[in-house]
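Following: one structure in structure tokens, then a few remarks.
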Amino acid sequence: MTVDIVTIFPAMIEQPLAAGVLGRAIERGTLDVKVRDLRAFTTDRHRVVDDVPYGGGPGMVLKPEPIFRALDAIAAERGTPLTVIMTSPQGRRFTQAEAERLSGLAHLVLLCGRYEGFDERIRERVTDELSIGDYVLTGGELPALVVLDAVARLMPGVVGDEQSVAQDTFTNRGLLNHPQYTRPPEIDALRVPEVLMSGNHAEIRKWRKREALSRTLARRPDLLDAANLDEEEEQLLRELKGASDERD
Ligand code: 9D3
């Protein structure tokens, strides 16, 4: 997959991408990310990327010309049609389903918003507008990284262990994951649950199912509506709901 990220803060993108799983994927060439400095697409001496809003009001708006020029340059290099995603608080909520859809594309462009946003006319060139959630950030760089991270790890060969990709919360039949423990068996009088050290794999499997269900019931009951549960899980869930009703 090839990804072009357009930003006025290239370092905000480059530094985090150098580390970890995505860093290695980029080194290996599995993932090709090009960070484009929006100022490189200005034509004035002061490399101005923003301007005051027509009609007045606070803050600044990203000027359309540098963005049009950046997209023209990317299209010339990559070929059209481009999938252009703009990050914005007004966007549709980015979800795992959206990440899965985008991971099937060969090429993506991410436009990072800043200030009060983009000149509305850039929508002409935009295919998707995404927000990562209902909280206010200072710009679209972190959201662009969030989108890229979620999308890239779904591509074959990016995450070493394909099993861990298959077993996430949102793909693992829509439940939260069970708790994990590692050595030592005891710290500060806190012990690892006996069953996990028993070697009884049937019991371990059932314990994990129950834990995953009780966590999901307690923290994210909304996920249970869409979850894809087997017979045993349906039964465990009834028991867990019964237990919580008795406490009411
Ligand atoms: C103080 C500015 N606000 C006035 C009503 C609007 C506003 C504009 C730009 C608020 C935040 C931003 C910067 N945020 C993003 O560019 C952004 C974002 C976010 O803030 N939250 C969640 N997802 C995203 S995607 C891009």
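Just remember, in the structure tokens the first chain shown is A, the second B, etc., residues are 1-based per chain, and ligands are 1-based in the order shown.
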
Would you name the residues within 6 Å of ligand 1, counting only C-alpha atoms and all ligand atoms, and put them as a ChimeraX atom specification? /A:87-89,113-117,131-140,143

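For segment 73-77 of chain A, the residues within 12 Å (counting only C-alpha atoms, excluding itself and residues fewer than 2 positions away along the chain) are A:Thr2, A:Val3, A:Asp4, A:Ile5, A:Val6, A:Lys34, A:Val35, A:Arg36, A:Leu38, A:Ala40, A:Phe41, A:Pro66, A:Ile67, A:Phe68, A:Arg69, A:Ala70, A:Leu71, A:Gly79, A:Thr80, A:Pro81, A:Leu82, A:Thr83, A:Val84, A:His107, A:Leu108, A:Val109, A:Leu110, A:Leu111, A:Arg125.
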
Just the residues within 10 Å of segment 204-206 of chain A, please, counting only C-alpha atoms, with nothing from its chain fewer than 3 positions along; format it as a list in words.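 That gives Glu194, Val195, Leu196, Met197, Ser198, Gly199, Asn200, His201, Lys209, Arg210, Glu211, Ala212, Glu232, Glu233 and Leu236 of chain A.
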
Can you write out as CSV which residues of segment 24-112 of chain A fall within 12 Å of segment 147-159 of chain A, alongside each residue's closest atom pair and its distance in Å to one decimal, counting only C-alpha atoms and ordering rows by chain and ascending residue number?
residue,atom,partner,partner_atom,distance
A:Arg24,CA,A:Val158,CA,8.0
A:Ala25,CA,A:Val158,CA,5.4
A:Ile26,CA,A:Val158,CA,8.9
A:Glu27,CA,A:Val158,CA,10.8
A:Arg28,CA,A:Val158,CA,9.3
A:Gly29,CA,A:Val158,CA,9.9
A:Thr30,CA,A:Val158,CA,6.7
A:Leu31,CA,A:Ala152,CA,7.5
A:Asp32,CA,A:Ala152,CA,10.2
A:Val33,CA,A:Leu148,CA,9.5
A:Ile85,CA,A:Val147,CA,9.7
A:Met86,CA,A:Val147,CA,10.8
A:Thr87,CA,A:Val147,CA,9.3
A:Arg93,CA,A:Val147,CA,11.0
A:Phe94,CA,A:Val147,CA,7.6
A:Thr95,CA,A:Val147,CA,9.1
A:Gln96,CA,A:Ala150,CA,7.5
A:Ala97,CA,A:Val151,CA,10.0
A:Glu98,CA,A:Val151,CA,8.5
A:Ala99,CA,A:Val151,CA,4.8
A:Glu100,CA,A:Val151,CA,6.6
A:Arg101,CA,A:Val151,CA,8.5
A:Leu102,CA,A:Val151,CA,6.4
A:Ser103,CA,A:Val151,CA,5.1
A:Gly104,CA,A:Met155,CA,7.9
A:Leu105,CA,A:Val151,CA,9.8
A:Ala106,CA,A:Met155,CA,10.4
A:His107,CA,A:Ala152,CA,11.3
A:Leu108,CA,A:Leu148,CA,9.3
A:Val109,CA,A:Leu148,CA,10.1
A:Leu110,CA,A:Leu148,CA,8.6
A:Leu111,CA,A:Val147,CA,11.4
A:Cys112,CA,A:Val147,CA,11.2

Writer output for current selection, N, CA and C atoms, as an mmCIF file, in the first residue's frame:
data_model
loop_
_atom_site.group_PDB
_atom_site.id
_atom_site.type_symbol
_atom_site.label_atom_id
_atom_site.label_comp_id
_atom_site.auth_asym_id
_atom_site.auth_seq_id
_atom_site.Cartn_x
_atom_site.Cartn_y
_atom_site.Cartn_z
ATOM 1 N N ARG A 24 8.842 -0.820 10.897
ATOM 2 C CA ARG A 24 9.449 -2.004 10.272
ATOM 3 C C ARG A 24 8.812 -2.293 8.919
ATOM 4 N N ALA A 25 7.502 -2.130 8.813
ATOM 5 C CA ALA A 25 6.813 -2.373 7.535
ATOM 6 C C ALA A 25 7.317 -1.399 6.467
ATOM 7 N N ILE A 26 7.600 -0.166 6.881
ATOM 8 C CA ILE A 26 8.116 0.836 5.945
ATOM 9 C C ILE A 26 9.545 0.474 5.532
ATOM 10 N N GLU A 27 10.361 0.066 6.504
ATOM 11 C CA GLU A 27 11.736 -0.377 6.210
ATOM 12 C C GLU A 27 11.756 -1.516 5.197
ATOM 13 N N ARG A 28 10.865 -2.486 5.398
ATOM 14 C CA ARG A 28 10.814 -3.663 4.520
ATOM 15 C C ARG A 28 10.212 -3.348 3.152
ATOM 16 N N GLY A 29 9.506 -2.204 3.049
ATOM 17 C CA GLY A 29 8.864 -1.854 1.793
ATOM 18 C C GLY A 29 7.455 -2.413 1.649
ATOM 19 N N THR A 30 6.929 -3.040 2.705
ATOM 20 C CA THR A 30 5.547 -3.538 2.687
ATOM 21 C C THR A 30 4.577 -2.366 2.639
ATOM 22 N N LEU A 31 5.005 -1.285 3.261
ATOM 23 C CA LEU A 31 4.199 -0.075 3.328
ATOM 24 C C LEU A 31 5.070 1.077 2.843
ATOM 25 N N ASP A 32 4.491 1.905 1.953
ATOM 26 C CA ASP A 32 5.239 3.032 1.409
ATOM 27 C C ASP A 32 4.516 4.310 1.801
ATOM 28 N N VAL A 33 5.106 5.089 2.700
ATOM 29 C CA VAL A 33 4.457 6.325 3.164
ATOM 30 C C VAL A 33 5.298 7.518 2.736
ATOM 31 N N ILE A 85 -8.696 11.236 1.662
ATOM 32 C CA ILE A 85 -9.396 11.292 2.945
ATOM 33 C C ILE A 85 -9.004 12.559 3.659
ATOM 34 N N MET A 86 -10.000 13.367 4.017
ATOM 35 C CA MET A 86 -9.658 14.515 4.839
ATOM 36 C C MET A 86 -10.075 14.229 6.275
ATOM 37 N N THR A 87 -9.211 14.589 7.221
ATOM 38 C CA THR A 87 -9.528 14.433 8.627
ATOM 39 C C THR A 87 -10.214 15.712 9.062
ATOM 40 N N ARG A 93 -17.585 9.040 11.607
ATOM 41 C CA ARG A 93 -16.729 8.409 12.601
ATOM 42 C C ARG A 93 -15.910 7.276 11.990
ATOM 43 N N PHE A 94 -14.605 7.310 12.216
ATOM 44 C CA PHE A 94 -13.722 6.248 11.746
ATOM 45 C C PHE A 94 -13.915 5.006 12.626
ATOM 46 N N THR A 95 -14.139 3.863 11.993
ATOM 47 C CA THR A 95 -14.390 2.606 12.719
ATOM 48 C C THR A 95 -13.517 1.496 12.144
ATOM 49 N N GLN A 96 -13.532 0.351 12.814
ATOM 50 C CA GLN A 96 -12.799 -0.819 12.318
ATOM 51 C C GLN A 96 -13.316 -1.236 10.937
ATOM 52 N N ALA A 97 -14.623 -1.114 10.728
ATOM 53 C CA ALA A 97 -15.192 -1.479 9.418
ATOM 54 C C ALA A 97 -14.615 -0.576 8.328
ATOM 55 N N GLU A 98 -14.459 0.702 8.669
ATOM 56 C CA GLU A 98 -13.869 1.664 7.732
ATOM 57 C C GLU A 98 -12.403 1.319 7.477
ATOM 58 N N ALA A 99 -11.689 0.927 8.535
ATOM 59 C CA ALA A 99 -10.282 0.527 8.397
ATOM 60 C C ALA A 99 -10.179 -0.671 7.458
ATOM 61 N N GLU A 100 -11.085 -1.620 7.604
ATOM 62 C CA GLU A 100 -11.054 -2.812 6.752
ATOM 63 C C GLU A 100 -11.306 -2.439 5.297
ATOM 64 N N ARG A 101 -12.258 -1.557 5.081
ATOM 65 C CA ARG A 101 -12.539 -1.116 3.714
ATOM 66 C C ARG A 101 -11.299 -0.447 3.108
ATOM 67 N N LEU A 102 -10.681 0.465 3.852
ATOM 68 C CA LEU A 102 -9.533 1.203 3.317
ATOM 69 C C LEU A 102 -8.310 0.304 3.115
ATOM 70 N N SER A 103 -8.196 -0.768 3.915
ATOM 71 C CA SER A 103 -7.015 -1.636 3.805
ATOM 72 C C SER A 103 -7.003 -2.402 2.480
ATOM 73 N N GLY A 104 -8.123 -2.411 1.782
ATOM 74 C CA GLY A 104 -8.177 -3.083 0.482
ATOM 75 C C GLY A 104 -7.701 -2.202 -0.661
ATOM 76 N N LEU A 105 -7.396 -0.926 -0.374
ATOM 77 C CA LEU A 105 -7.000 -0.002 -1.444
ATOM 78 C C LEU A 105 -5.484 -0.036 -1.655
ATOM 79 N N ALA A 106 -5.060 0.222 -2.874
ATOM 80 C CA ALA A 106 -3.623 0.209 -3.188
ATOM 81 C C ALA A 106 -2.974 1.535 -2.804
ATOM 82 N N HIS A 107 -3.780 2.591 -2.766
ATOM 83 C CA HIS A 107 -3.223 3.920 -2.542
ATOM 84 C C HIS A 107 -4.204 4.808 -1.786
ATOM 85 N N LEU A 108 -3.689 5.567 -0.849
ATOM 86 C CA LEU A 108 -4.515 6.477 -0.041
ATOM 87 C C LEU A 108 -3.823 7.831 0.075
ATOM 88 N N VAL A 109 -4.619 8.885 0.080
ATOM 89 C CA VAL A 109 -4.085 10.208 0.418
ATOM 90 C C VAL A 109 -4.793 10.672 1.694
ATOM 91 N N LEU A 110 -4.020 11.122 2.670
ATOM 92 C CA LEU A 110 -4.590 11.665 3.909
ATOM 93 C C LEU A 110 -4.257 13.150 3.996
ATOM 94 N N LEU A 111 -5.285 13.976 4.086
ATOM 95 C CA LEU A 111 -5.092 15.426 4.246
ATOM 96 C C LEU A 111 -5.311 15.782 5.710
ATOM 97 N N CYS A 112 -4.285 16.363 6.337
ATOM 98 C CA CYS A 112 -4.405 16.719 7.745
ATOM 99 C C CYS A 112 -4.910 18.147 7.890
#

Going by DSSP on the backbone, which residues of segment 62-216 of chain A come out as strand (DSSP E or B)? List them as an MDAnalysis selection string. chainID A and resid 62 84:93 107:111 118 128:131 186:187 190:191

Please dump the current selection as a PDB file, in the first residue's frame; keep C-alpha atoms.
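Output saved as part_14.pdb:
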ATOM      1  CA  LEU A  62      -6.361  26.438   5.060  1.00  0.00           C
ATOM      2  CA  VAL A  84      -8.486  11.324  -0.737  1.00  0.00           C
ATOM      3  CA  ILE A  85      -9.396  11.292   2.945  1.00  0.00           C
ATOM      4  CA  MET A  86      -9.658  14.515   4.839  1.00  0.00           C
ATOM      5  CA  THR A  87      -9.528  14.433   8.627  1.00  0.00           C
ATOM      6  CA  SER A  88     -12.037  16.760  10.205  1.00  0.00           C
ATOM      7  CA  PRO A  89     -14.234  17.031  13.311  1.00  0.00           C
ATOM      8  CA  GLN A  90     -17.238  17.086  10.949  1.00  0.00           C
ATOM      9  CA  GLY A  91     -16.316  13.749   9.396  1.00  0.00           C
ATOM     10  CA  ARG A  92     -18.035  10.402   9.612  1.00  0.00           C
ATOM     11  CA  ARG A  93     -16.729   8.409  12.601  1.00  0.00           C
ATOM     12  CA  HIS A 107      -3.223   3.920  -2.542  1.00  0.00           C
ATOM     13  CA  LEU A 108      -4.515   6.477  -0.041  1.00  0.00           C
ATOM     14  CA  VAL A 109      -4.085  10.208   0.418  1.00  0.00           C
ATOM     15  CA  LEU A 110      -4.590  11.665   3.909  1.00  0.00           C
ATOM     16  CA  LEU A 111      -5.092  15.426   4.246  1.00  0.00           C
ATOM     17  CA  PHE A 118     -10.141  23.621   4.963  1.00  0.00           C
ATOM     18  CA  ASP A 128     -14.054  10.656   2.433  1.00  0.00           C
ATOM     19  CA  GLU A 129     -14.174  12.907   5.468  1.00  0.00           C
ATOM     20  CA  LEU A 130     -13.296  11.145   8.741  1.00  0.00           C
ATOM     21  CA  SER A 131     -13.300  12.058  12.435  1.00  0.00           C
ATOM     22  CA  GLU A 186       2.637 -13.619  42.190  1.00  0.00           C
ATOM     23  CA  ILE A 187       3.513  -9.944  42.710  1.00  0.00           C
ATOM     24  CA  LEU A 190      -1.566 -10.515  43.447  1.00  0.00           C
ATOM     25  CA  ARG A 191      -1.806 -13.993  41.967  1.00  0.00           C
TER      26      ARG A 191
END

So how many Å separate atom CA of Lys63 of chain A and atom CA of Asp119 of chain A, to one decimal? 6.0 Å

Surrounding residues of Ser244 of chain A excluding itself and chain neighbours under 3 positions, 10 Å, only C-alpha atoms, as a list in words: Ser214, Leu217, Ala218, Arg238, Glu239, Leu240, Lys241, Arg247 and Asp248 of chain A

Mind dumping the selected residues with N, CA and C atoms as a short mmCIF file (atom, residue, chain, number, x, y, z; two decimals), in the first residue's frame?
data_model
loop_
_atom_site.label_atom_id
_atom_site.label_comp_id
_atom_site.auth_asym_id
_atom_site.auth_seq_id
_atom_site.Cartn_x
_atom_site.Cartn_y
_atom_site.Cartn_z
N SER A 214 -17.91 -11.18 30.51
CA SER A 214 -18.28 -10.37 31.67
C SER A 214 -17.69 -8.96 31.53
N LEU A 217 -19.91 -7.18 29.00
CA LEU A 217 -21.19 -6.85 29.64
C LEU A 217 -21.04 -5.64 30.57
N ALA A 218 -19.92 -5.59 31.31
CA ALA A 218 -19.72 -4.51 32.28
C ALA A 218 -19.32 -3.20 31.59
N ARG A 238 -26.05 -15.69 29.67
CA ARG A 238 -27.27 -15.78 30.50
C ARG A 238 -26.90 -15.91 31.97
N GLU A 239 -25.91 -16.76 32.28
CA GLU A 239 -25.46 -16.93 33.67
C GLU A 239 -24.95 -15.60 34.23
N LEU A 240 -24.13 -14.90 33.45
CA LEU A 240 -23.55 -13.64 33.92
C LEU A 240 -24.63 -12.59 34.15
N LYS A 241 -25.62 -12.53 33.24
CA LYS A 241 -26.72 -11.56 33.39
C LYS A 241 -27.55 -11.91 34.61
N ARG A 247 -27.69 -9.27 42.03
CA ARG A 247 -27.07 -8.22 42.83
C ARG A 247 -27.92 -6.96 42.88
N ASP A 248 -28.82 -6.78 41.89
CA ASP A 248 -29.61 -5.53 41.80
C ASP A 248 -30.52 -5.33 43.01
#

Run DSSP on the backbone and give me the residues of segment 207-238 of chain A it puts in helix (DSSP H, G or I), as a VMD selection string. chain A and resid 207 to 219 221 to 226 231 to 238

With N, CA, C and O atoms retained, write the just-selected residues as an mmCIF file, in the first residue's frame.
data_model
loop_
_atom_site.group_PDB
_atom_site.id
_atom_site.type_symbol
_atom_site.label_atom_id
_atom_site.label_comp_id
_atom_site.auth_asym_id
_atom_site.auth_seq_id
_atom_site.Cartn_x
_atom_site.Cartn_y
_atom_site.Cartn_z
ATOM 1 N N TRP A 207 -12.825 -20.306 30.741
ATOM 2 C CA TRP A 207 -12.557 -19.166 31.637
ATOM 3 C C TRP A 207 -12.395 -17.887 30.818
ATOM 4 O O TRP A 207 -12.945 -16.835 31.136
ATOM 5 N N ARG A 208 -11.627 -18.010 29.733
ATOM 6 C CA ARG A 208 -11.398 -16.828 28.889
ATOM 7 C C ARG A 208 -12.694 -16.338 28.258
ATOM 8 O O ARG A 208 -12.931 -15.124 28.186
ATOM 9 N N LYS A 209 -13.512 -17.244 27.795
ATOM 10 C CA LYS A 209 -14.815 -16.854 27.230
ATOM 11 C C LYS A 209 -15.642 -16.105 28.269
ATOM 12 O O LYS A 209 -16.211 -15.054 27.975
ATOM 13 N N ARG A 210 -15.674 -16.654 29.500
ATOM 14 C CA ARG A 210 -16.494 -16.028 30.541
ATOM 15 C C ARG A 210 -15.959 -14.633 30.866
ATOM 16 O O ARG A 210 -16.726 -13.678 30.995
ATOM 17 N N GLU A 211 -14.647 -14.524 30.982
ATOM 18 C CA GLU A 211 -14.033 -13.220 31.279
ATOM 19 C C GLU A 211 -14.300 -12.208 30.173
ATOM 20 O O GLU A 211 -14.614 -11.050 30.433
ATOM 21 N N ALA A 212 -14.163 -12.649 28.920
ATOM 22 C CA ALA A 212 -14.412 -11.758 27.782
ATOM 23 C C ALA A 212 -15.855 -11.270 27.818
ATOM 24 O O ALA A 212 -16.145 -10.086 27.622
ATOM 25 N N LEU A 213 -16.765 -12.184 28.108
ATOM 26 C CA LEU A 213 -18.181 -11.821 28.154
ATOM 27 C C LEU A 213 -18.485 -10.906 29.328
ATOM 28 O O LEU A 213 -19.210 -9.914 29.169
ATOM 29 N N SER A 214 -17.913 -11.185 30.510
ATOM 30 C CA SER A 214 -18.278 -10.366 31.672
ATOM 31 C C SER A 214 -17.689 -8.959 31.535
ATOM 32 O O SER A 214 -18.333 -7.976 31.889
ATOM 33 N N ARG A 215 -16.499 -8.865 30.964
ATOM 34 C CA ARG A 215 -15.936 -7.531 30.691
ATOM 35 C C ARG A 215 -16.778 -6.753 29.698
ATOM 36 O O ARG A 215 -16.978 -5.556 29.848
ATOM 37 N N THR A 216 -17.185 -7.444 28.652
ATOM 38 C CA THR A 216 -17.968 -6.770 27.622
ATOM 39 C C THR A 216 -19.306 -6.314 28.200
ATOM 40 O O THR A 216 -19.745 -5.182 27.954
ATOM 41 N N LEU A 217 -19.915 -7.180 29.004
ATOM 42 C CA LEU A 217 -21.193 -6.847 29.644
ATOM 43 C C LEU A 217 -21.037 -5.637 30.566
ATOM 44 O O LEU A 217 -21.871 -4.740 30.589
ATOM 45 N N ALA A 218 -19.915 -5.592 31.311
ATOM 46 C CA ALA A 218 -19.715 -4.509 32.276
ATOM 47 C C ALA A 218 -19.317 -3.201 31.594
ATOM 48 O O ALA A 218 -19.779 -2.130 31.977
ATOM 49 N N ARG A 219 -18.432 -3.284 30.585
ATOM 50 C CA ARG A 219 -17.834 -2.049 30.054
ATOM 51 C C ARG A 219 -18.413 -1.600 28.724
ATOM 52 O O ARG A 219 -18.424 -0.410 28.439
ATOM 53 N N PRO A 221 -21.573 -2.931 26.965
ATOM 54 C CA PRO A 221 -22.760 -3.739 26.650
ATOM 55 C C PRO A 221 -23.285 -3.472 25.228
ATOM 56 O O PRO A 221 -23.913 -4.348 24.636
ATOM 57 N N ASP A 222 -22.990 -2.293 24.693
ATOM 58 C CA ASP A 222 -23.427 -1.971 23.320
ATOM 59 C C ASP A 222 -22.858 -2.966 22.306
ATOM 60 O O ASP A 222 -23.473 -3.238 21.283
ATOM 61 N N LEU A 223 -21.666 -3.518 22.609
ATOM 62 C CA LEU A 223 -21.047 -4.460 21.661
ATOM 63 C C LEU A 223 -21.798 -5.788 21.604
ATOM 64 O O LEU A 223 -21.741 -6.492 20.599
ATOM 65 N N LEU A 224 -22.497 -6.134 22.697
ATOM 66 C CA LEU A 224 -23.165 -7.442 22.744
ATOM 67 C C LEU A 224 -24.295 -7.558 21.723
ATOM 68 O O LEU A 224 -24.568 -8.640 21.212
ATOM 69 N N ASP A 225 -24.927 -6.428 21.399
ATOM 70 C CA ASP A 225 -26.035 -6.461 20.429
ATOM 71 C C ASP A 225 -25.567 -6.995 19.086
ATOM 72 O O ASP A 225 -26.288 -7.735 18.426
ATOM 73 N N ALA A 226 -24.355 -6.602 18.684
ATOM 74 C CA ALA A 226 -23.861 -6.992 17.363
ATOM 75 C C ALA A 226 -22.959 -8.222 17.426
ATOM 76 O O ALA A 226 -22.547 -8.743 16.403
ATOM 77 N N GLU A 231 -23.104 -21.119 21.036
ATOM 78 C CA GLU A 231 -24.015 -21.700 22.040
ATOM 79 C C GLU A 231 -23.474 -21.493 23.450
ATOM 80 O O GLU A 231 -24.171 -20.991 24.326
ATOM 81 N N GLU A 232 -22.200 -21.900 23.648
ATOM 82 C CA GLU A 232 -21.585 -21.851 24.973
ATOM 83 C C GLU A 232 -21.537 -20.416 25.505
ATOM 84 O O GLU A 232 -21.808 -20.159 26.681
ATOM 85 N N GLU A 233 -21.230 -19.467 24.608
ATOM 86 C CA GLU A 233 -21.159 -18.062 25.021
ATOM 87 C C GLU A 233 -22.543 -17.519 25.379
ATOM 88 O O GLU A 233 -22.680 -16.761 26.351
ATOM 89 N N GLU A 234 -23.561 -17.905 24.593
ATOM 90 C CA GLU A 234 -24.934 -17.484 24.920
ATOM 91 C C GLU A 234 -25.306 -17.951 26.329
ATOM 92 O O GLU A 234 -25.872 -17.194 27.117
ATOM 93 N N GLN A 235 -24.948 -19.208 26.636
ATOM 94 C CA GLN A 235 -25.238 -19.792 27.957
ATOM 95 C C GLN A 235 -24.471 -19.044 29.054
ATOM 96 O O GLN A 235 -25.064 -18.636 30.058
ATOM 97 N N LEU A 236 -23.181 -18.804 28.830
ATOM 98 C CA LEU A 236 -22.371 -18.070 29.807
ATOM 99 C C LEU A 236 -22.938 -16.675 30.038
ATOM 100 O O LEU A 236 -22.994 -16.190 31.175
ATOM 101 N N LEU A 237 -23.369 -16.044 28.957
ATOM 102 C CA LEU A 237 -23.907 -14.685 29.059
ATOM 103 C C LEU A 237 -25.193 -14.679 29.898
ATOM 104 O O LEU A 237 -25.380 -13.790 30.732
ATOM 105 N N ARG A 238 -26.050 -15.685 29.670
ATOM 106 C CA ARG A 238 -27.272 -15.783 30.495
ATOM 107 C C ARG A 238 -26.905 -15.914 31.967
ATOM 108 O O ARG A 238 -27.497 -15.240 32.820
#
